[in-house]
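upload37.cif follows (mmCIF, C-alpha atoms):
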data_upload
#
loop_
_atom_site.label_atom_id
_atom_site.label_comp_id
_atom_site.auth_asym_id
_atom_site.auth_seq_id
_atom_site.Cartn_x
_atom_site.Cartn_y
_atom_site.Cartn_z
CA ARG A 1 -29.11 88.36 185.90
CA HIS A 2 -30.26 89.73 182.55
CA VAL A 3 -28.31 91.50 179.83
CA SER A 4 -29.99 94.55 178.27
CA ARG A 5 -29.33 95.85 174.75
CA ALA A 6 -30.98 98.78 172.95
CA TYR A 7 -31.68 98.66 169.19
CA PRO A 8 -33.68 100.83 166.75
CA LEU A 9 -37.40 100.11 166.76
CA GLY A 10 -38.28 97.17 164.56
CA ALA A 11 -34.74 95.85 164.26
CA ARG A 12 -34.35 92.06 164.29
CA TRP A 13 -31.10 90.90 165.85
CA LEU A 14 -31.35 87.36 167.12
CA SER A 15 -31.59 84.33 164.85
CA GLY A 16 -32.64 80.81 165.68
CA ASP A 17 -34.91 79.91 168.58
CA ALA A 18 -33.86 82.69 170.98
CA LYS A 19 -36.89 84.78 171.95
CA PRO A 20 -36.72 88.15 173.76
CA ARG A 21 -38.56 89.12 176.88
CA PRO A 22 -41.38 91.75 176.71
CA ASP A 23 -40.18 94.93 175.01
CA ILE A 24 -39.84 98.31 176.71
CA HIS A 25 -40.45 101.24 174.32
CA ILE A 26 -38.51 104.44 175.02
CA GLY A 27 -39.31 107.07 172.41
CA SER A 28 -38.12 105.74 169.04
CA THR A 29 -36.04 102.97 170.65
CA VAL A 30 -37.06 99.56 171.90
CA LEU A 31 -35.18 97.98 174.79
CA GLU A 32 -35.14 94.21 174.43
CA VAL A 33 -34.08 92.16 177.46
CA TYR A 34 -32.51 88.76 176.79
CA THR A 35 -31.32 85.97 179.01
CA PRO A 36 -27.57 85.20 179.15
CA GLU A 37 -28.19 81.93 177.30
CA ALA A 38 -29.77 83.79 174.40
CA VAL A 39 -26.91 86.30 174.23
CA LYS A 40 -24.36 83.46 174.24
CA HIS A 41 -26.20 81.77 171.38
CA GLU A 42 -26.25 85.07 169.49
CA GLU A 43 -22.52 85.71 169.90
CA THR A 44 -21.66 82.14 168.91
CA THR A 45 -23.75 82.43 165.74
CA ILE A 46 -22.19 85.77 164.80
CA THR A 47 -18.65 84.50 165.42
CA ARG A 48 -19.26 81.42 163.30
CA ASP A 49 -20.67 83.55 160.49
CA LEU A 50 -17.67 85.91 160.62
CA PHE A 51 -15.20 83.02 160.45
CA GLU A 52 -17.07 81.51 157.50
CA ALA A 53 -17.13 84.85 155.66
CA GLU A 54 -13.40 85.30 156.26
CA ARG A 55 -12.68 81.76 155.05
CA LEU A 56 -14.67 82.30 151.86
CA ARG A 57 -12.89 85.58 151.24
CA ASP A 58 -9.45 84.00 151.70
CA GLN A 59 -10.43 81.09 149.44
CA LYS A 60 -11.57 83.52 146.75
CA ILE A 61 -8.28 85.41 146.93
CA LEU A 62 -6.32 82.13 146.79
CA ASP A 63 -8.29 80.96 143.75
CA GLU A 64 -7.64 84.29 142.06
CA LYS A 65 -3.91 83.98 142.75
CA MET A 66 -3.72 80.43 141.42
CA ARG A 67 -5.64 81.29 138.27
CA THR A 68 -3.61 81.96 135.12
CA PRO A 69 -4.94 85.30 133.85
CA THR A 70 -5.23 86.12 130.16
CA ILE A 71 -3.71 89.34 128.85
CA ILE A 72 -4.97 90.89 125.62
CA ALA A 73 -2.02 92.62 123.97
CA TYR A 74 -1.60 94.49 120.70
CA SER A 75 1.53 94.83 118.64
CA ARG A 76 2.88 98.35 118.30
CA ALA A 77 4.85 99.88 115.49
CA ASN A 78 5.60 103.25 117.08
CA GLN A 79 8.63 103.15 119.33
CA GLY A 80 10.48 105.65 121.44
CA ARG A 81 9.85 107.65 124.58
CA ASN A 82 7.06 109.84 123.21
CA ALA A 83 5.11 106.89 121.83
CA CYS A 84 5.35 105.06 125.18
CA ALA A 85 4.25 108.19 127.04
CA ASP A 86 1.16 108.44 124.81
CA LEU A 87 0.31 104.81 125.55
CA ARG A 88 0.58 105.35 129.31
CA ALA A 89 -1.61 108.46 129.07
CA ASN A 90 -4.33 106.30 127.47
CA GLY A 91 -4.17 103.59 130.15
CA ARG A 92 -1.92 101.26 128.18
CA MET A 93 1.38 99.72 129.26
CA PRO A 94 4.20 99.28 126.75
CA GLY A 95 6.05 96.01 126.82
CA LEU A 96 8.07 93.42 124.97
CA VAL A 97 7.62 89.70 124.36
CA PHE A 98 10.79 87.74 123.66
CA SER A 99 12.14 84.23 123.81
CA THR A 100 15.42 82.72 124.94
CA THR A 101 15.65 80.42 121.92
CA ALA A 102 17.69 81.36 118.89
CA ASN A 103 16.05 83.08 115.91
CA ALA A 104 12.98 83.99 117.97
CA ASP A 105 10.94 87.07 117.19
CA HIS A 106 10.86 89.96 119.64
CA VAL A 107 7.42 91.55 119.54
CA LYS A 108 6.79 95.02 120.94
CA VAL A 109 3.32 95.10 122.47
CA HIS A 110 1.10 97.15 124.74
CA CYS A 111 -1.58 95.89 127.13
CA ASP A 112 -4.10 97.18 129.63
CA ALA A 113 -2.29 98.73 132.60
CA LYS A 114 -5.17 97.83 134.93
CA GLU A 115 -4.64 94.10 134.33
CA ILE A 116 -0.99 94.34 135.34
CA ALA A 117 -1.87 96.47 138.36
CA LYS A 118 -4.47 93.89 139.44
CA ALA A 119 -1.94 91.05 139.17
CA ARG A 120 0.53 93.07 141.22
CA ARG A 121 -2.10 93.81 143.87
CA LEU A 122 -3.02 90.12 144.20
CA ASN A 123 0.45 88.57 144.10
CA GLY A 124 2.87 91.31 145.09
CA LEU A 125 5.60 92.78 142.91
CA PRO A 126 8.37 90.23 143.75
CA TYR A 127 6.07 87.30 142.93
CA LEU A 128 5.16 88.60 139.47
CA TYR A 129 8.46 87.22 138.20
CA THR A 130 7.19 83.67 138.74
CA LYS A 131 3.57 84.26 137.69
CA TYR A 132 2.22 82.63 134.52
CA PHE A 133 0.15 84.65 132.07
CA ASN A 134 -1.66 83.56 128.93
CA MET A 135 -1.05 86.26 126.34
CA GLU A 136 -3.03 86.80 123.15
CA ILE A 137 -1.28 89.15 120.74
CA TYR A 138 -3.39 90.91 118.11
CA ALA A 139 -2.55 93.31 115.33
CA GLU A 140 -3.02 96.89 116.44
CA PRO A 141 -6.26 98.33 115.06
CA SER A 142 -6.25 101.59 113.16
CA ASP A 143 -8.73 103.13 115.62
CA ALA A 144 -7.37 103.39 119.15
CA LYS A 145 -10.91 103.44 120.60
CA ASN A 146 -11.38 99.81 119.60
CA LEU A 147 -8.82 98.75 122.20
CA LYS A 148 -11.52 98.78 124.89
CA GLU A 149 -13.66 96.33 122.93
CA PRO A 150 -12.95 92.59 122.71
CA PRO A 151 -10.95 91.82 119.56
CA SER A 152 -12.88 90.00 116.86
CA ASP A 153 -10.02 88.98 114.58
CA ILE A 154 -7.68 86.00 114.91
CA PRO A 155 -4.70 86.59 117.24
CA LEU A 156 -1.23 86.71 115.78
CA GLU A 157 0.12 84.60 118.63
CA VAL A 158 -1.18 82.85 121.74
CA VAL A 159 1.57 81.97 124.16
CA ARG A 160 2.23 81.45 127.86
CA VAL A 161 4.60 84.03 129.31
CA VAL A 162 6.24 85.09 132.59
CA PRO A 163 7.48 88.61 133.40
CA LYS A 164 11.22 88.99 132.99
CA LEU A 165 11.85 92.71 133.54
CA ILE A 166 9.56 95.17 135.33
CA SER A 167 10.29 98.90 135.40
CA VAL A 168 8.71 100.78 138.32
CA ASP A 169 8.62 104.55 138.68
CA SER A 170 10.67 105.55 141.72
CA VAL A 171 8.27 108.37 142.68
CA SER A 172 4.76 107.07 141.93
CA ASN A 173 5.63 103.37 142.44
CA VAL A 174 3.64 102.55 139.29
CA ILE A 175 4.76 99.94 136.77
CA GLU A 176 5.74 101.78 133.60
CA ASP A 177 7.12 99.03 131.40
CA ILE A 178 7.12 95.25 131.47
CA SER A 179 8.93 92.63 129.40
CA PHE A 180 7.58 89.10 129.09
CA MET A 181 9.50 85.93 128.37
CA ARG A 182 7.83 83.14 126.43
CA ALA A 183 7.38 80.03 128.57
CA PRO A 184 6.09 77.25 126.31
CA PRO A 185 5.91 73.71 127.74
CA GLY A 186 9.15 71.75 127.90
CA GLN A 187 11.51 74.72 127.73
CA THR A 188 14.32 75.58 130.14
CA LEU A 189 14.18 79.11 131.53
CA LYS A 190 16.23 81.28 133.83
CA VAL A 191 13.97 83.05 136.30
CA GLN A 192 14.39 85.20 139.40
CA VAL A 193 12.63 83.40 142.27
CA PRO A 194 11.82 85.64 145.28
CA VAL A 195 12.81 84.78 148.84
CA ARG A 196 9.99 84.79 151.42
CA VAL A 197 11.03 85.17 155.07
CA THR A 198 8.66 83.91 157.76
CA GLY A 199 8.76 83.60 161.55
CA GLN A 200 10.09 87.06 162.43
CA ASP A 201 7.57 87.43 165.27
CA LEU A 202 8.86 84.21 166.89
CA CYS A 203 12.57 84.66 166.21
CA PRO A 204 14.50 84.60 169.54
CA GLY A 205 17.35 86.58 168.00
CA ILE A 206 15.06 89.49 167.10
CA LYS A 207 13.46 89.38 170.56
CA ARG A 208 16.90 89.79 172.14
CA GLY A 209 17.60 92.99 170.19
CA GLY A 210 18.96 91.60 166.94
CA TRP A 211 17.77 92.66 163.51
CA LEU A 212 17.14 90.71 160.34
CA ASN A 213 19.27 91.51 157.30
CA VAL A 214 18.05 90.00 154.03
CA ILE A 215 20.95 90.37 151.62
CA LYS A 216 19.54 88.50 148.64
CA ARG A 217 15.82 88.88 147.95
CA LYS A 218 15.80 86.99 144.64
CA ILE A 219 17.66 83.87 143.53
CA ALA A 220 18.38 83.14 139.88
CA CYS A 221 17.24 79.61 138.98
CA ILE A 222 17.37 77.55 135.83
CA CYS A 223 14.25 75.40 135.78
CA ASP A 224 11.67 73.83 133.55
CA SER A 225 8.97 76.17 132.27
CA ASP A 226 6.25 73.91 133.70
CA ASN A 227 7.71 73.86 137.24
CA ILE A 228 8.71 77.39 138.13
CA PRO A 229 8.76 77.72 141.94
CA ARG A 230 6.65 80.54 143.30
CA ALA A 231 9.14 81.43 146.05
CA PHE A 232 11.81 80.06 148.39
CA THR A 233 10.61 80.20 152.01
CA VAL A 234 13.11 80.75 154.81
CA ASP A 235 11.87 80.18 158.37
CA VAL A 236 13.74 82.24 160.99
CA SER A 237 11.50 81.37 163.96
CA LYS A 238 14.33 79.44 165.68
CA MET A 239 17.38 81.49 164.70
CA GLU A 240 19.60 83.08 167.34
CA VAL A 241 21.77 86.20 167.13
CA GLY A 242 24.68 85.63 164.75
CA GLU A 243 23.14 82.73 162.83
CA LYS A 244 22.67 82.97 159.07
CA VAL A 245 21.27 81.03 156.14
CA MET A 246 23.59 80.57 153.18
#
In structure tokens, what does this structure look like?
Amino acid sequence: RHVSRAYPLGARWLSGDAKPRPDIHIGSTVLEVYTPEAVKHEETTITRDLFEAERLRDQKILDEKMRTPTIIAYSRANQGRNACADLRANGRMPGLVFSTTANADHVKVHCDAKEIAKARRLNGLPYLYTKYFNMEIYAEPSDAKNLKEPPSDIPLEVVRVVPKLISVDSVSNVIEDISFMRAPPGQTLKVQVPVRVTGQDLCPGIKRGGWLNVIKRKIACICDSDNIPRAFTVDVSKMEVGEKVM
């Protein structure tokens, strides 16, 4: 038995050694008749290509997540609600860079809002609190149009930071303000590590009509700045009704 498929005239579908039978032209369409072995070879090749494309895409996303992005920030002298609103209208995000050590300078900065939105899209909002960033702080230029061009002067400070406080608009769900904490090597920090719950689709308690109640979504941890955990994973795939994780 043969399998028939119709394609636009001149289209090439099969790859490899599979060869079609004589073509049947119907108007502007050619009907190509293939043997079942050829169709099986075609579907196997397409499936393998799709899996490889998906694997490469996932690997690219993983590499992007593991990469430490660099944020170009500028110090700001103007403070207050109106000044921050003007920055947001121009695509900038107001923020603060501080340190937990004594006698450390607190620097008010602003950065590109698209960079923060990209990091949120890749990692998720809860996981931004454990994400490293390399921040380069420059003096604010007199011309605001120069902010879109790469800075040519020497930065005031180059430091590794992690987000400490993120303010999100309750209506638009857009990050409005972000505060960074300096995370130099060898320093002890207090961070909020998110809790990741897995195994809900296999949980026997949920299948029997129970529901999952996550009371604490972040856990405060005191850890070394070089070993901040990305998240705490809780597997509920074997939990029954009434069981809990303390």
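Proximity to Gly205 in chain A was assessed for A:Lys244, A:Asp177, A:Thr188, A:Arg182 counting all atoms listed in the file; the smallest distance is recorded for A:Lys244.
Considering the residues A:His106, A:Ser142, A:Glu176, A:Pro184 and counting only C-alpha atoms, Gly91 in chain A has its shortest atom-to-atom contact with A:Glu176.
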Apply the PyMOL selection byres ((chain A and resi 222-236) around 8) to the structure shown and report the selected residues as a ChimeraX atom specification. /A:127,130-131,183-191,193-200,202-203,220-221,237-239
Write the selection just made, keeping C-alpha atoms, as a CSV table (one decimal), in the frame of the given file?
chain,number,residue,atom,x,y,z
A,127,TYR,CA,6.1,87.3,142.9
A,130,THR,CA,7.2,83.7,138.7
A,131,LYS,CA,3.6,84.3,137.7
A,183,ALA,CA,7.4,80.0,128.6
A,184,PRO,CA,6.1,77.2,126.3
A,185,PRO,CA,5.9,73.7,127.7
A,186,GLY,CA,9.2,71.8,127.9
A,187,GLN,CA,11.5,74.7,127.7
A,188,THR,CA,14.3,75.6,130.1
A,189,LEU,CA,14.2,79.1,131.5
A,190,LYS,CA,16.2,81.3,133.8
A,191,VAL,CA,14.0,83.0,136.3
A,193,VAL,CA,12.6,83.4,142.3
A,194,PRO,CA,11.8,85.6,145.3
A,195,VAL,CA,12.8,84.8,148.8
A,196,ARG,CA,10.0,84.8,151.4
A,197,VAL,CA,11.0,85.2,155.1
A,198,THR,CA,8.7,83.9,157.8
A,199,GLY,CA,8.8,83.6,161.6
A,200,GLN,CA,10.1,87.1,162.4
A,202,LEU,CA,8.9,84.2,166.9
A,203,CYS,CA,12.6,84.7,166.2
A,220,ALA,CA,18.4,83.1,139.9
A,221,CYS,CA,17.2,79.6,139.0
A,237,SER,CA,11.5,81.4,164.0
A,238,LYS,CA,14.3,79.4,165.7
A,239,MET,CA,17.4,81.5,164.7
In Å, with one decimal, what is the gap from CA of Ala73 in chain A to CA of Gly95 in chain A?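 Taking CA of Ala73 in chain A as the start and CA of Gly95 in chain A as the end point, the length is 9.2 Å.
Distances here use all atoms listed in the file; by that measure, the residue among A:Lys118, A:Asn134, A:Ala89, A:Glu243 closest to Val158 in chain A is A:Asn134.
When CA of Ile178 in chain A is paired with CA of Met93 in chain A, their separation reads 7.6 Å.
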Distance query Ile72 in chain A at most 12 Å, all atoms listed in the file, self and fewer than 4 positions along chain excluded, as a PyMOL selection string: chain A and resi 92-93+109-116+133-140+147-152+155-159
Grab the CA of Ser172 in chain A to CA of Arg160 in chain A distance for me, in Å with one decimal place. 29.3 Å
Within 6 Å of Val97 in chain A, counting all atoms listed in the file, which residues show up once you throw out same-chain ones fewer than 4 positions away? Write them as a CSV table (one decimal) with C-alpha atoms, in the coordinates of the input, please.
chain,number,residue,atom,x,y,z
A,106,HIS,CA,10.9,90.0,119.6
A,107,VAL,CA,7.4,91.6,119.5
A,179,SER,CA,8.9,92.6,129.4
A,180,PHE,CA,7.6,89.1,129.1
A,181,MET,CA,9.5,85.9,128.4
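Proximity ranking of A:Ile71, A:Ala83, A:Asn173, A:Ile166 relative to Pro126 in chain A places A:Ile166 first, based on all atoms listed in the file.
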Kindly output range 93-110 of chain A as a compact mmCIF listing (two decimals), keeping the file's coordinate frame, after building N, CA and C atoms.
# COMPACT_ATOMS: atom_id res chain seq x y z
N MET A 93 0.03 99.94 128.75
CA MET A 93 1.38 99.72 129.26
C MET A 93 2.25 99.13 128.16
N PRO A 94 3.30 99.84 127.77
CA PRO A 94 4.20 99.28 126.75
C PRO A 94 5.00 98.11 127.28
N GLY A 95 5.31 97.19 126.40
CA GLY A 95 6.05 96.01 126.82
C GLY A 95 6.71 95.32 125.65
N LEU A 96 7.33 94.21 125.96
CA LEU A 96 8.07 93.42 124.97
C LEU A 96 7.87 91.95 125.28
N VAL A 97 7.73 91.16 124.23
CA VAL A 97 7.62 89.70 124.36
C VAL A 97 8.79 89.10 123.59
N PHE A 98 9.62 88.33 124.30
CA PHE A 98 10.79 87.74 123.66
C PHE A 98 10.93 86.30 124.10
N SER A 99 11.88 85.62 123.50
CA SER A 99 12.14 84.23 123.81
C SER A 99 13.63 84.02 123.95
N THR A 100 14.01 83.01 124.73
CA THR A 100 15.42 82.72 124.94
C THR A 100 16.00 81.84 123.85
N THR A 101 15.16 81.27 123.00
CA THR A 101 15.65 80.42 121.92
C THR A 101 16.22 81.27 120.78
N ALA A 102 17.07 80.65 120.00
CA ALA A 102 17.69 81.36 118.89
C ALA A 102 16.67 81.61 117.78
N ASN A 103 16.89 82.71 117.05
CA ASN A 103 16.05 83.08 115.91
C ASN A 103 14.58 83.27 116.31
N ALA A 104 14.34 83.74 117.51
CA ALA A 104 12.98 83.99 117.97
C ALA A 104 12.63 85.46 117.77
N ASP A 105 11.39 85.71 117.44
CA ASP A 105 10.94 87.07 117.19
C ASP A 105 10.72 87.81 118.51
N HIS A 106 11.14 89.06 118.53
CA HIS A 106 10.86 89.96 119.64
C HIS A 106 9.72 90.86 119.21
N VAL A 107 8.62 90.80 119.92
CA VAL A 107 7.42 91.55 119.54
C VAL A 107 7.20 92.66 120.56
N LYS A 108 7.12 93.89 120.08
CA LYS A 108 6.79 95.02 120.94
C LYS A 108 5.28 95.12 121.03
N VAL A 109 4.76 95.13 122.25
CA VAL A 109 3.32 95.10 122.47
C VAL A 109 2.94 96.18 123.47
N HIS A 110 1.63 96.34 123.66
CA HIS A 110 1.10 97.15 124.74
C HIS A 110 -0.19 96.49 125.21
